[in-house]
Amino acid sequence: ALRLPREAVEIEVLDEGSRGILGIGARMARVRLTPLVAPEAIPAPVPTPTPTPTPAVSPAAPESADAEVARSILADLLRHLGYSAEIQVRRVEPTTDDEMAVLVLDIQTAGADTLIGPRGETLAALQHILRLLVNRRTGRMVNLVVDVQGYKQRREQNLRRLAERMATQAVRSGRTVYLEPMPPYERRIIHLALRDHPDVTTQSVGEGNRRRVTIIPRVGKE
């Protein structure tokens, strides 16, 4: 919005937000940007380029206005990143009254590993950017998730299985189990997977990229 490079602004995080699980229960982050250069040095706004034609979508994909906007913007982002991709869009209905429906945009492309990035960090950044652009274009919050060839769904299933195995280990040993550092949305999956477990509780510890989940037995020596 300021048309400035990263080194020309000071960024203060007011609220880190939450990605939720597959986008459900997500909360947008809030930041404050302060220019470090004189106002007259800020370049004039540049007109936003018109999005290019987007890849075809599966006939089963929802044809809502939000889905079309999200698909169009994502296709344009991928084109600028040098990816040739097909985008499949589906709508996931909420399972409870306090949840929102979510649009899942699944990217089918070569070089998926690069687009996902270490521990899904590149994919998470792409999803965050897309949410900001879609919300700005539509003027409202659109709950969406960006996936690559079903990576997030497989990752969630693996994390839930990991949570159960480590909970069993914690109970048997009577000691706290420390998981590897994870991004916020993955830690949330672990917490929710064990939320109703009768024999363990969970807690996040550490700072920044080293923050991890601990699984603590309710009874026994930690």
# chains A, B, ... in the order shown; residues from 1 in each chain; ligands from 1
>>> residues_around(residues="Glu16 in chain A", least_positions_apart="6", cutoff="9 Å", atoms="only C-alpha atoms", output="PyMOL selection string")
chain A and resi 27-31
>>> residues_around(residues="Ala65 in chain A", least_positions_apart="3", cutoff="12 Å", atoms="only C-alpha atoms", output="number ranges by chain")
A: 61-62, 68-72, 103, 134, 137-138, 142
>>> write_last_selection(atoms="C-alpha atoms", output="mmCIF file, in the first residue's frame")
data_model
loop_
_atom_site.group_PDB
_atom_site.id
_atom_site.type_symbol
_atom_site.label_atom_id
_atom_site.label_comp_id
_atom_site.auth_asym_id
_atom_site.auth_seq_id
_atom_site.Cartn_x
_atom_site.Cartn_y
_atom_site.Cartn_z
ATOM 1 C CA ALA A 61 -15.666 -26.362 -8.468
ATOM 2 C CA PRO A 62 -18.070 -23.750 -7.014
ATOM 3 C CA GLU A 68 -13.778 -16.785 -9.068
ATOM 4 C CA VAL A 69 -12.029 -13.784 -7.515
ATOM 5 C CA ALA A 70 -9.752 -15.998 -5.422
ATOM 6 C CA ARG A 71 -8.923 -18.282 -8.350
ATOM 7 C CA SER A 72 -8.186 -15.351 -10.647
ATOM 8 C CA LEU A 103 -12.931 -22.197 0.017
ATOM 9 C CA VAL A 134 -9.027 -11.314 -1.968
ATOM 10 C CA ARG A 137 -10.858 -6.986 -3.783
ATOM 11 C CA THR A 138 -14.183 -8.171 -2.307
ATOM 12 C CA VAL A 142 -13.276 -14.546 2.640
#
>>> select_by_dssp(residues="range 78-121 of chain A", states="strand (DSSP E or B)", output="list in words")
Ala85, Glu86, Ile87, Gln88, Val89, Arg90, Arg91, Val92, Val102, Leu103, Val104, Leu105, Asp106, Ile107, Gln108 and Thr109 of chain A
>>> write_last_selection(atoms="C-alpha atoms", output="PDB file, in the first residue's frame")
ATOM      1  CA  ALA A  85      -0.725 -24.631 -12.771  1.00  0.00           C
ATOM      2  CA  GLU A  86      -4.299 -25.843 -12.682  1.00  0.00           C
ATOM      3  CA  ILE A  87      -6.362 -24.622  -9.730  1.00  0.00           C
ATOM      4  CA  GLN A  88      -9.153 -26.810  -8.397  1.00  0.00           C
ATOM      5  CA  VAL A  89     -11.638 -25.032  -6.118  1.00  0.00           C
ATOM      6  CA  ARG A  90     -14.040 -26.648  -3.679  1.00  0.00           C
ATOM      7  CA  ARG A  91     -16.219 -25.423  -0.819  1.00  0.00           C
ATOM      8  CA  VAL A  92     -15.986 -27.123   2.584  1.00  0.00           C
ATOM      9  CA  VAL A 102     -14.077 -22.358   3.638  1.00  0.00           C
ATOM     10  CA  LEU A 103     -12.931 -22.197   0.017  1.00  0.00           C
ATOM     11  CA  VAL A 104     -10.073 -24.613  -0.659  1.00  0.00           C
ATOM     12  CA  LEU A 105      -7.918 -23.781  -3.680  1.00  0.00           C
ATOM     13  CA  ASP A 106      -5.792 -26.826  -4.515  1.00  0.00           C
ATOM     14  CA  ILE A 107      -2.893 -26.116  -6.894  1.00  0.00           C
ATOM     15  CA  GLN A 108      -1.880 -28.864  -9.313  1.00  0.00           C
ATOM     16  CA  THR A 109       1.604 -28.102 -10.658  1.00  0.00           C
TER      17      THR A 109
END
>>> closest_residue(among="A:Ala1, A:Leu33, A:Arg211, A:Gln203", to="Leu14 in chain A", atoms="only C-alpha atoms")
A:Leu33
>>> closest_residue(among="A:Ile215, A:Pro5, A:Pro118, A:Asp66", to="Leu133 in chain A", atoms="only C-alpha atoms")
A:Asp66
>>> select_by_dssp(residues="range 1-217 of chain A", states="alpha helix (DSSP H)", output="PyMOL selection string")
chain A and resi 65-80+112-116+121-138+151-173+184-193
>>> atom_distance(atom1="CA of Leu36 in chain A", atom2="CA of Leu4 in chain A")
9.6 Å
>>> closest_residue(among="A:Ser204, A:Gln127, A:Asn209, A:Ser173", to="Lys152 in chain A", atoms="only C-alpha atoms")
A:Gln127
>>> closest_residue(among="A:Arg175, A:Arg140, A:Arg195, A:Arg32", to="Ala163 in chain A", atoms="only C-alpha atoms")
A:Arg195
>>> decode(residues="range 47-200 of chain A", atoms="C-alpha atoms", output="mmCIF file, in the first residue's frame")
data_model
loop_
_atom_site.group_PDB
_atom_site.id
_atom_site.type_symbol
_atom_site.label_atom_id
_atom_site.label_comp_id
_atom_site.auth_asym_id
_atom_site.auth_seq_id
_atom_site.Cartn_x
_atom_site.Cartn_y
_atom_site.Cartn_z
ATOM 1 C CA PRO A 47 -1.951 1.247 -11.251
ATOM 2 C CA THR A 48 -2.703 -2.385 -10.471
ATOM 3 C CA PRO A 49 -2.265 -4.539 -13.608
ATOM 4 C CA THR A 50 -5.319 -6.311 -14.953
ATOM 5 C CA PRO A 51 -5.210 -10.035 -14.066
ATOM 6 C CA THR A 52 -4.432 -12.323 -16.981
ATOM 7 C CA PRO A 53 -6.778 -15.140 -18.074
ATOM 8 C CA THR A 54 -6.851 -17.894 -15.464
ATOM 9 C CA PRO A 55 -6.487 -21.656 -15.796
ATOM 10 C CA ALA A 56 -9.553 -23.819 -16.267
ATOM 11 C CA VAL A 57 -11.296 -25.077 -13.125
ATOM 12 C CA SER A 58 -12.794 -28.494 -12.602
ATOM 13 C CA PRO A 59 -16.555 -28.556 -13.394
ATOM 14 C CA ALA A 60 -17.156 -29.589 -9.783
ATOM 15 C CA ALA A 61 -15.666 -26.362 -8.468
ATOM 16 C CA PRO A 62 -18.070 -23.750 -7.014
ATOM 17 C CA GLU A 63 -18.791 -20.864 -9.381
ATOM 18 C CA SER A 64 -19.456 -18.292 -6.678
ATOM 19 C CA ALA A 65 -18.104 -14.776 -7.053
ATOM 20 C CA ASP A 66 -15.663 -15.273 -4.162
ATOM 21 C CA ALA A 67 -14.296 -18.469 -5.714
ATOM 22 C CA GLU A 68 -13.778 -16.785 -9.068
ATOM 23 C CA VAL A 69 -12.029 -13.784 -7.515
ATOM 24 C CA ALA A 70 -9.752 -15.998 -5.422
ATOM 25 C CA ARG A 71 -8.923 -18.282 -8.350
ATOM 26 C CA SER A 72 -8.186 -15.351 -10.647
ATOM 27 C CA ILE A 73 -5.832 -13.645 -8.182
ATOM 28 C CA LEU A 74 -4.060 -16.903 -7.281
ATOM 29 C CA ALA A 75 -3.536 -17.760 -10.948
ATOM 30 C CA ASP A 76 -2.002 -14.326 -11.526
ATOM 31 C CA LEU A 77 0.328 -14.741 -8.522
ATOM 32 C CA LEU A 78 1.448 -18.152 -9.742
ATOM 33 C CA ARG A 79 2.076 -16.825 -13.232
ATOM 34 C CA HIS A 80 4.335 -14.088 -11.846
ATOM 35 C CA LEU A 81 6.168 -16.734 -9.795
ATOM 36 C CA GLY A 82 6.788 -18.751 -12.961
ATOM 37 C CA TYR A 83 4.380 -21.632 -12.278
ATOM 38 C CA SER A 84 2.124 -23.235 -14.851
ATOM 39 C CA ALA A 85 -0.725 -24.631 -12.771
ATOM 40 C CA GLU A 86 -4.299 -25.843 -12.682
ATOM 41 C CA ILE A 87 -6.362 -24.622 -9.730
ATOM 42 C CA GLN A 88 -9.153 -26.810 -8.397
ATOM 43 C CA VAL A 89 -11.638 -25.032 -6.118
ATOM 44 C CA ARG A 90 -14.040 -26.648 -3.679
ATOM 45 C CA ARG A 91 -16.219 -25.423 -0.819
ATOM 46 C CA VAL A 92 -15.986 -27.123 2.584
ATOM 47 C CA GLU A 93 -19.105 -26.668 4.686
ATOM 48 C CA PRO A 94 -18.751 -25.973 8.437
ATOM 49 C CA THR A 95 -19.268 -28.825 10.880
ATOM 50 C CA THR A 96 -20.517 -26.615 13.736
ATOM 51 C CA ASP A 97 -22.592 -23.436 14.000
ATOM 52 C CA ASP A 98 -19.615 -21.325 15.120
ATOM 53 C CA GLU A 99 -17.467 -22.202 12.109
ATOM 54 C CA MET A 100 -17.369 -20.625 8.652
ATOM 55 C CA ALA A 101 -17.488 -22.345 5.298
ATOM 56 C CA VAL A 102 -14.077 -22.358 3.638
ATOM 57 C CA LEU A 103 -12.931 -22.197 0.017
ATOM 58 C CA VAL A 104 -10.073 -24.613 -0.659
ATOM 59 C CA LEU A 105 -7.918 -23.781 -3.680
ATOM 60 C CA ASP A 106 -5.792 -26.826 -4.515
ATOM 61 C CA ILE A 107 -2.893 -26.116 -6.894
ATOM 62 C CA GLN A 108 -1.880 -28.864 -9.313
ATOM 63 C CA THR A 109 1.604 -28.102 -10.658
ATOM 64 C CA ALA A 110 5.090 -29.415 -11.277
ATOM 65 C CA GLY A 111 7.651 -28.368 -8.700
ATOM 66 C CA ALA A 112 5.166 -28.671 -5.847
ATOM 67 C CA ASP A 113 7.916 -29.146 -3.241
ATOM 68 C CA THR A 114 9.369 -25.710 -3.985
ATOM 69 C CA LEU A 115 5.965 -24.077 -3.736
ATOM 70 C CA ILE A 116 5.273 -25.788 -0.404
ATOM 71 C CA GLY A 117 8.654 -24.872 1.088
ATOM 72 C CA PRO A 118 10.261 -26.070 4.341
ATOM 73 C CA ARG A 119 7.547 -27.191 6.770
ATOM 74 C CA GLY A 120 4.957 -25.583 4.476
ATOM 75 C CA GLU A 121 6.234 -22.052 5.150
ATOM 76 C CA THR A 122 6.223 -20.895 1.506
ATOM 77 C CA LEU A 123 2.690 -22.203 1.029
ATOM 78 C CA ALA A 124 1.562 -20.481 4.237
ATOM 79 C CA ALA A 125 3.010 -17.173 3.005
ATOM 80 C CA LEU A 126 1.256 -17.556 -0.363
ATOM 81 C CA GLN A 127 -2.040 -18.245 1.410
ATOM 82 C CA HIS A 128 -1.603 -15.175 3.622
ATOM 83 C CA ILE A 129 -0.927 -12.916 0.629
ATOM 84 C CA LEU A 130 -3.910 -14.333 -1.270
ATOM 85 C CA ARG A 131 -6.244 -13.751 1.679
ATOM 86 C CA LEU A 132 -5.168 -10.120 1.910
ATOM 87 C CA LEU A 133 -5.663 -9.537 -1.820
ATOM 88 C CA VAL A 134 -9.027 -11.314 -1.968
ATOM 89 C CA ASN A 135 -10.351 -9.493 1.097
ATOM 90 C CA ARG A 136 -9.229 -6.201 -0.408
ATOM 91 C CA ARG A 137 -10.858 -6.986 -3.783
ATOM 92 C CA THR A 138 -14.183 -8.171 -2.307
ATOM 93 C CA GLY A 139 -14.328 -5.719 0.598
ATOM 94 C CA ARG A 140 -15.046 -8.489 3.109
ATOM 95 C CA MET A 141 -13.319 -11.415 4.792
ATOM 96 C CA VAL A 142 -13.276 -14.546 2.640
ATOM 97 C CA ASN A 143 -12.268 -17.701 4.496
ATOM 98 C CA LEU A 144 -9.952 -19.584 2.150
ATOM 99 C CA VAL A 145 -7.133 -22.118 2.167
ATOM 100 C CA VAL A 146 -4.407 -22.634 -0.416
ATOM 101 C CA ASP A 147 -3.147 -26.200 -0.815
ATOM 102 C CA VAL A 148 -0.769 -27.924 -3.242
ATOM 103 C CA GLN A 149 -1.788 -31.371 -4.439
ATOM 104 C CA GLY A 150 -3.480 -32.202 -1.124
ATOM 105 C CA TYR A 151 -0.353 -31.507 0.967
ATOM 106 C CA LYS A 152 -2.170 -29.836 3.874
ATOM 107 C CA GLN A 153 -4.777 -32.560 4.185
ATOM 108 C CA ARG A 154 -2.065 -35.248 4.311
ATOM 109 C CA ARG A 155 -0.013 -33.163 6.752
ATOM 110 C CA GLU A 156 -2.984 -32.733 9.097
ATOM 111 C CA GLN A 157 -3.641 -36.478 9.121
ATOM 112 C CA ASN A 158 0.038 -37.170 9.878
ATOM 113 C CA LEU A 159 0.068 -34.606 12.710
ATOM 114 C CA ARG A 160 -3.019 -36.127 14.313
ATOM 115 C CA ARG A 161 -1.414 -39.573 14.222
ATOM 116 C CA LEU A 162 1.789 -38.101 15.657
ATOM 117 C CA ALA A 163 -0.189 -36.466 18.472
ATOM 118 C CA GLU A 164 -1.789 -39.773 19.440
ATOM 119 C CA ARG A 165 1.529 -41.658 19.377
ATOM 120 C CA MET A 166 3.328 -39.044 21.476
ATOM 121 C CA ALA A 167 0.423 -38.892 23.941
ATOM 122 C CA THR A 168 0.715 -42.651 24.425
ATOM 123 C CA GLN A 169 4.463 -42.273 24.943
ATOM 124 C CA ALA A 170 3.948 -39.513 27.510
ATOM 125 C CA VAL A 171 1.462 -41.613 29.477
ATOM 126 C CA ARG A 172 3.657 -44.713 29.439
ATOM 127 C CA SER A 173 6.820 -42.881 30.469
ATOM 128 C CA GLY A 174 5.138 -40.454 32.873
ATOM 129 C CA ARG A 175 7.251 -37.673 31.366
ATOM 130 C CA THR A 176 6.578 -34.622 29.244
ATOM 131 C CA VAL A 177 7.156 -35.168 25.515
ATOM 132 C CA TYR A 178 8.565 -32.262 23.464
ATOM 133 C CA LEU A 179 7.625 -32.125 19.783
ATOM 134 C CA GLU A 180 9.722 -30.443 17.086
ATOM 135 C CA PRO A 181 9.175 -26.703 16.453
ATOM 136 C CA MET A 182 6.106 -26.075 14.306
ATOM 137 C CA PRO A 183 4.304 -23.103 12.739
ATOM 138 C CA PRO A 184 1.167 -21.873 14.556
ATOM 139 C CA TYR A 185 -1.419 -23.682 12.423
ATOM 140 C CA GLU A 186 0.365 -27.039 12.934
ATOM 141 C CA ARG A 187 0.625 -26.528 16.693
ATOM 142 C CA ARG A 188 -3.103 -25.825 16.724
ATOM 143 C CA ILE A 189 -3.771 -29.185 15.046
ATOM 144 C CA ILE A 190 -1.845 -30.952 17.837
ATOM 145 C CA HIS A 191 -3.664 -29.016 20.560
ATOM 146 C CA LEU A 192 -7.093 -29.798 19.082
ATOM 147 C CA ALA A 193 -6.242 -33.450 18.479
ATOM 148 C CA LEU A 194 -5.477 -33.912 22.188
ATOM 149 C CA ARG A 195 -7.931 -31.386 23.629
ATOM 150 C CA ASP A 196 -10.259 -34.082 24.984
ATOM 151 C CA HIS A 197 -7.587 -36.671 25.789
ATOM 152 C CA PRO A 198 -8.227 -38.005 29.309
ATOM 153 C CA ASP A 199 -4.577 -38.590 30.249
ATOM 154 C CA VAL A 200 -2.579 -35.662 28.840
#
